[in-house]
Amino acid sequence: MNSVQVFWTLVWKDLRAEMRGGRFVVSCLSFGVLMVLIVGMALNAAPHLPASWASGLLWMVLFFTTALAMTRHDAKEQEFGGWMGPWLAPIDRSLVFYARWCAAWFMVLVASVGLIALFFIILNVPFPVAFGTFVAVVAAGTLALSGAGTLLATLAGQSSLREVLVPILLFPISIPLFLALIRLTWHALDPAVIAGAAWVEIVGAYLVVVGVLPWLLYELILEV
Amino acid sequence: MKGVLALTGVYKEYNLRPVLEDVHLRLEPGQRVALSAPNGSGKSTLIQILAGLSRPTRGAVTWSGRPLDAAARRCLGVLLQQPMLYGDLTGRENLVFFARLYRLAEARQLADRWLAEVGLDDSAQVRVREYSKGMKQRLALARCLLHGPRVLLLDEPFDGLDTASRAYFEGRFDAFAKAGGTLFLVTHHPEEARQMDRQLTIRFGRVRES
């Protein structure tokens with residue numbers, strides 16, 4: 001069995017557990033729907049929500065649901081100490097990170113599809129004009145957020161405050177990413193708004209950092 | 001593959017408080033070693049360092065003279081206070097999962113064989129969340145033994161086991177040591193410790209023969 005097969009074994013485990021327990025997607029969706037409803041009521045389902053507001057609100061909902069889902073995902077791993085099992089295996093430990101990231105991203109993406117559909121319906125937001133860009137931004141944004149969340153969950157894994165630490169740390173770390181995603185989503189909703197290449201580069205930089213850092217540091221983080 | 005798991009000059013601090021100090025320990029093949037010490041004395045920390053789950057602040061952990069790397073981890077079977085299982089997977093899925101991580105051939109058949117061995121074949125398709133404490137412990141021990149380790153690092157392995165299961169695993173561990181395996185067992189029961197070849201304790205962070 002090579003590393004790719006080990007990677008898929010780890011992803012399979014997370015997805016299988018999710019299909020049984022359903023905590024990640026369900027908690028993500030239920031919390032996100034509540035947020036969208038509250039925002040909808042607060043704005044009185046504004047008939048013409050500006051694209052700038054819509055993009056900001058959308059990423060606020062996606063950020064909080066991702067943070068919550070990462071915490072739930074982590075709690076499930078910690079329950080019977082399962083999280084330590086793969087670290088004992090004769091594998092490159094960074095594979096554990098990449099598999100968790102991949103599974104978390106998939107589950108966030110599944111929940112996001114439902115949430116985004118409800119967001120557009122409930123808040124009466126016009127369908128994105130640049131739909132391809134919108135899909136790419138959502139995919140890249142959730143990928144970066146779930147990667148940062150997975151890394152922070154590992155860093156906070158030994159702390160008794162880990163359930164609070166992940167969302168608290170995720171926010172300041174994600175501010176530049178957050179701003180870039182809002183700007184790019186705004187552009188997707190209203191292509192008249194210019195989104196400079198710098199915003200794309202910020203998202204790209206996040207993906208590179210979240211993708212490379214664990215490969216270099218994950219073994220060290222785990223053993224501290 | 002026979003080998004010696006060793007700690008050399010190991011110190012471990014948590015929040016600047018020393019937990020282990022200048023620990024020198026060699027676990028030889030065929031040796032049965034018991035560690036008994038009061039709560040909070042550093043037993044779990046010691047077993048985690050031996051297992052490569054925690055990095056010593058200073059000192060070295062070696063397997064046959066080389067740093068404990070991924071390949072060396074294959075030689076270890078580890079049971080900590082938690083069973084290290086996934087509650088939403090069935091007993092069989094847990095064992096298949098770990099067999100694949102250890103890159104073992106015929107993972108499903110191997111899992112079935114071990115489930116029968118530890119008397120969990122009837123509960124193979126039940127989620128671990130629904131297992132009793134003793135069942136989880138039996139499955140966790142099967143997980144430890146699944147890949148044929150050379151060293152067993154076990155923290156209270158008989159905790160929660162019924163008499164029959166306990167007798168079965170005691171026999172297994174004896175056979176394991178007779179075949180050249182190294183058994184390192186953390187226990188609070190003096191009678192269990194007395195059955196071992198060496199009895200260790202931790203006093204003020206230092207490991208000593210008791």
# chains A, B, ... in the order shown; residues from 1 in each chain; ligands from 1

call {"tool": "interface_residues", "arguments": {"of": "chain A", "to": "chain B", "cutoff": "10 Å", "atoms": "only C-alpha atoms", "output": "MDAnalysis selection string"}}
result
chainID A and resid 1:3 5:7 9:10 12:14 16:22 76:93 219:224

call {"tool": "write_last_selection", "arguments": {"atoms": "C-alpha atoms", "output": "short mmCIF file (atom, residue, chain, number, x, y, z; two decimals), in the first residue's frame"}}
result
data_model
loop_
_atom_site.label_atom_id
_atom_site.label_comp_id
_atom_site.auth_asym_id
_atom_site.auth_seq_id
_atom_site.Cartn_x
_atom_site.Cartn_y
_atom_site.Cartn_z
CA MET A 1 0.00 0.00 0.00
CA ASN A 2 1.60 3.28 -1.04
CA SER A 3 1.15 6.73 0.49
CA GLN A 5 -3.66 4.55 -0.70
CA VAL A 6 -2.91 5.38 2.94
CA PHE A 7 -4.16 8.91 2.28
CA THR A 9 -7.78 5.16 3.76
CA LEU A 10 -7.59 8.13 6.13
CA TRP A 12 -12.40 7.12 3.88
CA LYS A 13 -12.35 6.83 7.67
CA ASP A 14 -13.47 10.46 8.11
CA ARG A 16 -17.44 6.90 6.76
CA ALA A 17 -17.62 8.25 10.30
CA GLU A 18 -19.42 11.34 9.01
CA MET A 19 -21.97 9.24 7.14
CA ARG A 20 -22.67 7.35 10.37
CA GLY A 21 -22.63 10.27 12.78
CA GLY A 22 -23.49 13.07 10.36
CA LYS A 76 -15.37 13.44 17.32
CA GLU A 77 -11.72 12.49 16.76
CA GLN A 78 -10.88 13.08 20.42
CA GLU A 79 -13.81 11.06 21.78
CA PHE A 80 -12.14 7.67 22.16
CA GLY A 81 -8.61 8.89 21.50
CA GLY A 82 -8.89 7.85 17.85
CA TRP A 83 -6.87 10.88 16.74
CA MET A 84 -3.69 9.33 18.17
CA GLY A 85 -4.11 5.98 16.45
CA PRO A 86 -2.82 7.02 12.99
CA TRP A 87 0.20 8.78 14.57
CA LEU A 88 1.41 5.39 15.79
CA ALA A 89 1.33 3.91 12.31
CA PRO A 90 4.47 3.71 10.15
CA ILE A 91 3.36 6.50 7.84
CA ASP A 92 4.40 10.06 7.14
CA ARG A 93 2.38 11.90 9.76
CA GLU A 219 5.46 15.86 12.96
CA LEU A 220 6.95 18.44 15.32
CA ILE A 221 3.54 19.89 16.24
CA LEU A 222 2.18 16.46 17.09
CA GLU A 223 5.03 15.48 19.37
CA VAL A 224 5.24 18.68 21.43
#

call {"tool": "select_by_dssp", "arguments": {"residues": "region 7-149 of chain B", "states": "strand (DSSP E)", "output": "ChimeraX atom specification"}}
result
/B:7-14,17-27,32-35,58-63,66-67,76-79

call {"tool": "select_by_dssp", "arguments": {"residues": "region 70-198 of chain B", "states": "helix (DSSP H, G or I)", "output": "PyMOL selection string"}}
result
chain B and resi 70-73+91-101+107-117+121-123+128-130+133-145+163-178+190-194

call {"tool": "atom_distance", "arguments": {"atom1": "CA of Thr45 (chain B)", "atom2": "CA of Asp162 (chain B)"}}
result
27.5 Å

call {"tool": "closest_residue", "arguments": {"among": "B:Val151, B:Ala124, B:Ala6, B:Leu115", "to": "Leu25 (chain B)", "atoms": "only C-alpha atoms"}}
result
B:Ala6

call {"tool": "closest_residue", "arguments": {"among": "A:Trp59, A:Trp101, A:Phe171, A:Tyr218", "to": "Asp74 (chain A)", "atoms": "only C-alpha atoms"}}
result
A:Trp101

call {"tool": "residues_around", "arguments": {"residues": "Phe176 (chain B)", "least_positions_apart": "2", "cutoff": "12 Å", "atoms": "only C-alpha atoms", "output": "tab-separated table (two decimals) with N, CA, C and O atoms, in the first residue's frame"}}
result
chain	number	residue	atom	x	y	z
B	29	PRO	N	14.71	-7.32	24.34
B	29	PRO	CA	13.79	-8.33	23.78
B	29	PRO	C	13.54	-9.45	24.79
B	29	PRO	O	14.45	-9.88	25.49
B	30	GLY	N	12.31	-9.88	24.86
B	30	GLY	CA	11.94	-10.98	25.75
B	30	GLY	C	11.70	-10.55	27.19
B	30	GLY	O	11.32	-11.36	28.02
B	31	GLN	N	11.89	-9.27	27.45
B	31	GLN	CA	11.75	-8.78	28.82
B	31	GLN	C	10.32	-8.33	29.11
B	31	GLN	O	9.67	-7.75	28.23
B	32	ARG	N	9.87	-8.65	30.33
B	32	ARG	CA	8.55	-8.15	30.77
B	32	ARG	C	8.79	-7.14	31.88
B	32	ARG	O	9.35	-7.49	32.92
B	77	GLY	N	3.42	-1.77	19.56
B	77	GLY	CA	1.97	-1.88	19.77
B	77	GLY	C	1.67	-1.08	21.02
B	77	GLY	O	2.25	-1.33	22.07
B	145	LEU	N	-2.15	-5.58	18.69
B	145	LEU	CA	-1.47	-6.82	18.31
B	145	LEU	C	-1.56	-7.12	16.82
B	145	LEU	O	-0.80	-7.94	16.30
B	148	GLY	N	1.54	-7.43	14.51
B	148	GLY	CA	2.68	-8.23	14.97
B	148	GLY	C	3.82	-7.39	15.48
B	148	GLY	O	4.95	-7.48	14.97
B	149	PRO	N	3.58	-6.55	16.51
B	149	PRO	CA	4.65	-5.69	17.01
B	149	PRO	C	5.72	-6.49	17.76
B	149	PRO	O	5.48	-7.62	18.16
B	150	ARG	N	6.90	-5.87	17.94
B	150	ARG	CA	7.98	-6.50	18.72
B	150	ARG	C	7.99	-5.97	20.15
B	150	ARG	O	8.57	-6.58	21.04
B	151	VAL	N	7.37	-4.81	20.34
B	151	VAL	CA	7.30	-4.22	21.69
B	151	VAL	C	5.85	-3.83	21.96
B	151	VAL	O	5.21	-3.20	21.12
B	152	LEU	N	5.37	-4.22	23.14
B	152	LEU	CA	4.02	-3.80	23.54
B	152	LEU	C	4.15	-2.80	24.69
B	152	LEU	O	4.77	-3.10	25.71
B	169	PHE	N	-5.71	-12.62	27.66
B	169	PHE	CA	-4.65	-11.67	27.31
B	169	PHE	C	-3.37	-11.89	28.12
B	169	PHE	O	-2.27	-11.70	27.61
B	170	GLU	N	-3.54	-12.34	29.38
B	170	GLU	CA	-2.33	-12.66	30.16
B	170	GLU	C	-1.54	-13.77	29.46
B	170	GLU	O	-0.31	-13.69	29.34
B	171	GLY	N	-2.26	-14.77	28.99
B	171	GLY	CA	-1.62	-15.87	28.26
B	171	GLY	C	-0.96	-15.37	26.98
B	171	GLY	O	0.15	-15.76	26.64
B	172	ARG	N	-1.64	-14.49	26.29
B	172	ARG	CA	-1.11	-13.91	25.04
B	172	ARG	C	0.18	-13.15	25.30
B	172	ARG	O	1.15	-13.28	24.55
B	173	PHE	N	0.16	-12.35	26.35
B	173	PHE	CA	1.34	-11.53	26.65
B	173	PHE	C	2.52	-12.41	27.08
B	173	PHE	O	3.66	-12.11	26.73
B	174	ASP	N	2.23	-13.46	27.84
B	174	ASP	CA	3.31	-14.39	28.24
B	174	ASP	C	3.93	-15.03	27.00
B	174	ASP	O	5.15	-15.11	26.87
B	178	LYS	N	7.73	-14.78	25.61
B	178	LYS	CA	8.54	-16.00	25.39
B	178	LYS	C	9.05	-16.06	23.96
B	178	LYS	O	10.12	-16.61	23.69
B	179	ALA	N	8.29	-15.48	23.03
B	179	ALA	CA	8.71	-15.48	21.63
B	179	ALA	C	9.71	-14.36	21.34
B	179	ALA	O	10.05	-14.13	20.17
B	180	GLY	N	10.12	-13.63	22.38
B	180	GLY	CA	11.15	-12.61	22.18
B	180	GLY	C	10.62	-11.19	22.15
B	180	GLY	O	11.38	-10.24	21.94
B	181	GLY	N	9.31	-11.04	22.38
B	181	GLY	CA	8.73	-9.69	22.38
B	181	GLY	C	9.01	-8.98	23.70
B	181	GLY	O	9.28	-9.62	24.71
B	182	THR	N	8.98	-7.67	23.66
B	182	THR	CA	9.19	-6.88	24.88
B	182	THR	C	7.85	-6.36	25.37
B	182	THR	O	7.09	-5.78	24.59
B	183	LEU	N	7.59	-6.57	26.65
B	183	LEU	CA	6.32	-6.13	27.23
B	183	LEU	C	6.58	-5.06	28.28
B	183	LEU	O	7.32	-5.29	29.24
B	184	PHE	N	6.01	-3.90	28.07
B	184	PHE	CA	6.14	-2.81	29.04
B	184	PHE	C	4.73	-2.46	29.50
B	184	PHE	O	3.91	-2.01	28.71

call {"tool": "residues_around", "arguments": {"residues": "Met60 (chain A)", "least_positions_apart": "2", "cutoff": "10 Å", "atoms": "only C-alpha atoms", "output": "PyMOL selection string"}}
result
chain A and resi 32+35-36+54-58+62-66+178+182

call {"tool": "write_last_selection", "arguments": {"atoms": "N, CA, C and O atoms", "output": "PDB file, in the first residue's frame"}}
result
ATOM      1  N   GLY A  32     -25.626  27.255  10.106  1.00  0.00           N
ATOM      2  CA  GLY A  32     -25.592  28.205   8.991  1.00  0.00           C
ATOM      3  C   GLY A  32     -26.983  28.698   8.617  1.00  0.00           C
ATOM      4  O   GLY A  32     -27.182  29.895   8.385  1.00  0.00           O
ATOM      5  N   MET A  35     -28.135  31.194  11.085  1.00  0.00           N
ATOM      6  CA  MET A  35     -27.466  32.480  10.870  1.00  0.00           C
ATOM      7  C   MET A  35     -28.087  33.239   9.703  1.00  0.00           C
ATOM      8  O   MET A  35     -28.343  34.437   9.793  1.00  0.00           O
ATOM      9  N   VAL A  36     -28.336  32.512   8.618  1.00  0.00           N
ATOM     10  CA  VAL A  36     -28.927  33.155   7.431  1.00  0.00           C
ATOM     11  C   VAL A  36     -30.316  33.698   7.787  1.00  0.00           C
ATOM     12  O   VAL A  36     -30.679  34.823   7.403  1.00  0.00           O
ATOM     13  N   ALA A  54     -23.803  41.444   0.460  1.00  0.00           N
ATOM     14  CA  ALA A  54     -24.110  40.019   0.254  1.00  0.00           C
ATOM     15  C   ALA A  54     -22.838  39.177   0.345  1.00  0.00           C
ATOM     16  O   ALA A  54     -22.826  38.122   1.000  1.00  0.00           O
ATOM     17  N   SER A  55     -21.763  39.660  -0.286  1.00  0.00           N
ATOM     18  CA  SER A  55     -20.528  38.866  -0.254  1.00  0.00           C
ATOM     19  C   SER A  55     -19.964  38.804   1.163  1.00  0.00           C
ATOM     20  O   SER A  55     -19.497  37.750   1.610  1.00  0.00           O
ATOM     21  N   GLY A  56     -20.029  39.914   1.894  1.00  0.00           N
ATOM     22  CA  GLY A  56     -19.544  39.935   3.275  1.00  0.00           C
ATOM     23  C   GLY A  56     -20.348  38.999   4.161  1.00  0.00           C
ATOM     24  O   GLY A  56     -19.794  38.225   4.944  1.00  0.00           O
ATOM     25  N   LEU A  57     -21.677  39.077   4.027  1.00  0.00           N
ATOM     26  CA  LEU A  57     -22.549  38.220   4.846  1.00  0.00           C
ATOM     27  C   LEU A  57     -22.339  36.749   4.520  1.00  0.00           C
ATOM     28  O   LEU A  57     -22.326  35.899   5.415  1.00  0.00           O
ATOM     29  N   LEU A  58     -22.182  36.467   3.235  1.00  0.00           N
ATOM     30  CA  LEU A  58     -21.991  35.068   2.824  1.00  0.00           C
ATOM     31  C   LEU A  58     -20.730  34.494   3.485  1.00  0.00           C
ATOM     32  O   LEU A  58     -20.760  33.398   4.058  1.00  0.00           O
ATOM     33  N   LEU A  62     -20.167  31.469   6.147  1.00  0.00           N
ATOM     34  CA  LEU A  62     -19.286  30.331   5.832  1.00  0.00           C
ATOM     35  C   LEU A  62     -18.129  30.231   6.834  1.00  0.00           C
ATOM     36  O   LEU A  62     -17.730  29.129   7.205  1.00  0.00           O
ATOM     37  N   PHE A  63     -17.638  31.377   7.294  1.00  0.00           N
ATOM     38  CA  PHE A  63     -16.546  31.345   8.265  1.00  0.00           C
ATOM     39  C   PHE A  63     -17.015  30.701   9.569  1.00  0.00           C
ATOM     40  O   PHE A  63     -16.370  29.788  10.089  1.00  0.00           O
ATOM     41  N   PHE A  64     -18.123  31.163  10.096  1.00  0.00           N
ATOM     42  CA  PHE A  64     -18.584  30.634  11.384  1.00  0.00           C
ATOM     43  C   PHE A  64     -18.993  29.169  11.286  1.00  0.00           C
ATOM     44  O   PHE A  64     -18.738  28.390  12.205  1.00  0.00           O
ATOM     45  N   THR A  65     -19.620  28.803  10.190  1.00  0.00           N
ATOM     46  CA  THR A  65     -20.013  27.390  10.055  1.00  0.00           C
ATOM     47  C   THR A  65     -18.773  26.501   9.926  1.00  0.00           C
ATOM     48  O   THR A  65     -18.722  25.421  10.504  1.00  0.00           O
ATOM     49  N   THR A  66     -17.759  26.982   9.205  1.00  0.00           N
ATOM     50  CA  THR A  66     -16.519  26.192   9.077  1.00  0.00           C
ATOM     51  C   THR A  66     -15.843  26.057  10.444  1.00  0.00           C
ATOM     52  O   THR A  66     -15.413  24.968  10.827  1.00  0.00           O
ATOM     53  N   PHE A 178     -10.149  36.502   4.393  1.00  0.00           N
ATOM     54  CA  PHE A 178     -11.543  36.913   4.480  1.00  0.00           C
ATOM     55  C   PHE A 178     -11.808  38.121   3.564  1.00  0.00           C
ATOM     56  O   PHE A 178     -12.749  38.133   2.776  1.00  0.00           O
ATOM     57  N   ILE A 182     -14.132  38.154   0.173  1.00  0.00           N
ATOM     58  CA  ILE A 182     -15.278  39.071   0.064  1.00  0.00           C
ATOM     59  C   ILE A 182     -15.165  39.879  -1.235  1.00  0.00           C
ATOM     60  O   ILE A 182     -16.133  39.989  -2.006  1.00  0.00           O
TER      61      ILE A 182
END

call {"tool": "closest_residue", "arguments": {"among": "B:Glu191, B:Arg108, B:Arg166, B:Asp121", "to": "Gly134 (chain B)", "atoms": "only C-alpha atoms"}}
result
B:Arg166

call {"tool": "residues_around", "arguments": {"residues": "region 207-210 of chain B", "least_positions_apart": "3", "cutoff": "12 Å", "atoms": "only C-alpha atoms", "output": "MDAnalysis selection string"}}
result
chainID B and resid 7:11 19:26 33:37 41:43 46 190 193:194 196:204

call {"tool": "write_last_selection", "arguments": {"atoms": "C-alpha atoms", "output": "PDB file, in the first residue's frame"}}
result
ATOM      1  CA  LEU B   7      15.557   6.219  26.480  1.00  0.00           C
ATOM      2  CA  THR B   8      18.815   8.057  27.065  1.00  0.00           C
ATOM      3  CA  GLY B   9      18.973  11.050  29.384  1.00  0.00           C
ATOM      4  CA  VAL B  10      15.341  11.941  28.805  1.00  0.00           C
ATOM      5  CA  TYR B  11      13.916  15.065  30.408  1.00  0.00           C
ATOM      6  CA  VAL B  19       7.802  15.659  34.822  1.00  0.00           C
ATOM      7  CA  LEU B  20      10.635  13.287  33.940  1.00  0.00           C
ATOM      8  CA  GLU B  21      14.294  13.862  34.751  1.00  0.00           C
ATOM      9  CA  ASP B  22      17.345  12.086  33.421  1.00  0.00           C
ATOM     10  CA  VAL B  23      15.548   8.874  32.486  1.00  0.00           C
ATOM     11  CA  HIS B  24      17.766   6.063  31.206  1.00  0.00           C
ATOM     12  CA  LEU B  25      15.849   2.948  30.258  1.00  0.00           C
ATOM     13  CA  ARG B  26      16.538  -0.054  28.028  1.00  0.00           C
ATOM     14  CA  VAL B  33       8.687  -4.811  32.547  1.00  0.00           C
ATOM     15  CA  ALA B  34       6.114  -3.337  34.911  1.00  0.00           C
ATOM     16  CA  LEU B  35       5.910   0.318  35.823  1.00  0.00           C
ATOM     17  CA  SER B  36       3.964   1.253  38.947  1.00  0.00           C
ATOM     18  CA  ALA B  37       3.892   4.732  40.364  1.00  0.00           C
ATOM     19  CA  SER B  41       4.084  10.844  38.566  1.00  0.00           C
ATOM     20  CA  GLY B  42       4.679  10.794  34.797  1.00  0.00           C
ATOM     21  CA  LYS B  43       3.749   7.230  33.784  1.00  0.00           C
ATOM     22  CA  LEU B  46       6.834   8.109  29.821  1.00  0.00           C
ATOM     23  CA  PRO B 190       1.204  -4.901  42.789  1.00  0.00           C
ATOM     24  CA  ALA B 193       3.794  -6.025  38.659  1.00  0.00           C
ATOM     25  CA  ARG B 194       5.259  -8.938  40.646  1.00  0.00           C
ATOM     26  CA  MET B 196       6.972  -9.298  35.515  1.00  0.00           C
ATOM     27  CA  ASP B 197      10.741  -9.704  35.137  1.00  0.00           C
ATOM     28  CA  ARG B 198      11.475  -6.106  36.143  1.00  0.00           C
ATOM     29  CA  GLN B 199       9.510  -3.716  38.306  1.00  0.00           C
ATOM     30  CA  LEU B 200      10.061  -0.008  37.849  1.00  0.00           C
ATOM     31  CA  THR B 201       8.715   3.014  39.595  1.00  0.00           C
ATOM     32  CA  ILE B 202       8.978   6.788  39.156  1.00  0.00           C
ATOM     33  CA  ARG B 203      10.096   8.936  42.073  1.00  0.00           C
ATOM     34  CA  PHE B 204      10.532  12.687  41.669  1.00  0.00           C
TER      35      PHE B 204
END

call {"tool": "atom_distance", "arguments": {"atom1": "CA of Leu207 (chain A)", "atom2": "CA of Val138 (chain A)"}}
result
13.2 Å

call {"tool": "atom_distance", "arguments": {"atom1": "CA of Val26 (chain A)", "atom2": "CA of Ser52 (chain A)"}}
result
28.3 Å

call {"tool": "closest_residue", "arguments": {"among": "A:Leu15, A:Val135, A:Ala180, A:Ile122", "to": "Trp105 (chain A)", "atoms": "only C-alpha atoms"}}
result
A:Leu15

call {"tool": "residues_around", "arguments": {"residues": "Trp63 (chain B)", "least_positions_apart": "4", "cutoff": "6 Å", "atoms": "only C-alpha atoms", "output": "VMD selection string"}}
result
chain B and resid 4 to 5 68

call {"tool": "residues_around", "arguments": {"residues": "Trp186 (chain A)", "least_positions_apart": "5", "cutoff": "12 Å", "atoms": "only C-alpha atoms", "output": "JSON, numbers by chain"}}
result
{"A": [49, 50, 51, 52, 53, 54, 55, 56, 57, 58, 59, 125, 126, 127, 128, 129, 130, 131, 133, 134, 137, 138, 179, 180, 181, 191, 192, 193, 194, 195, 196, 199]}
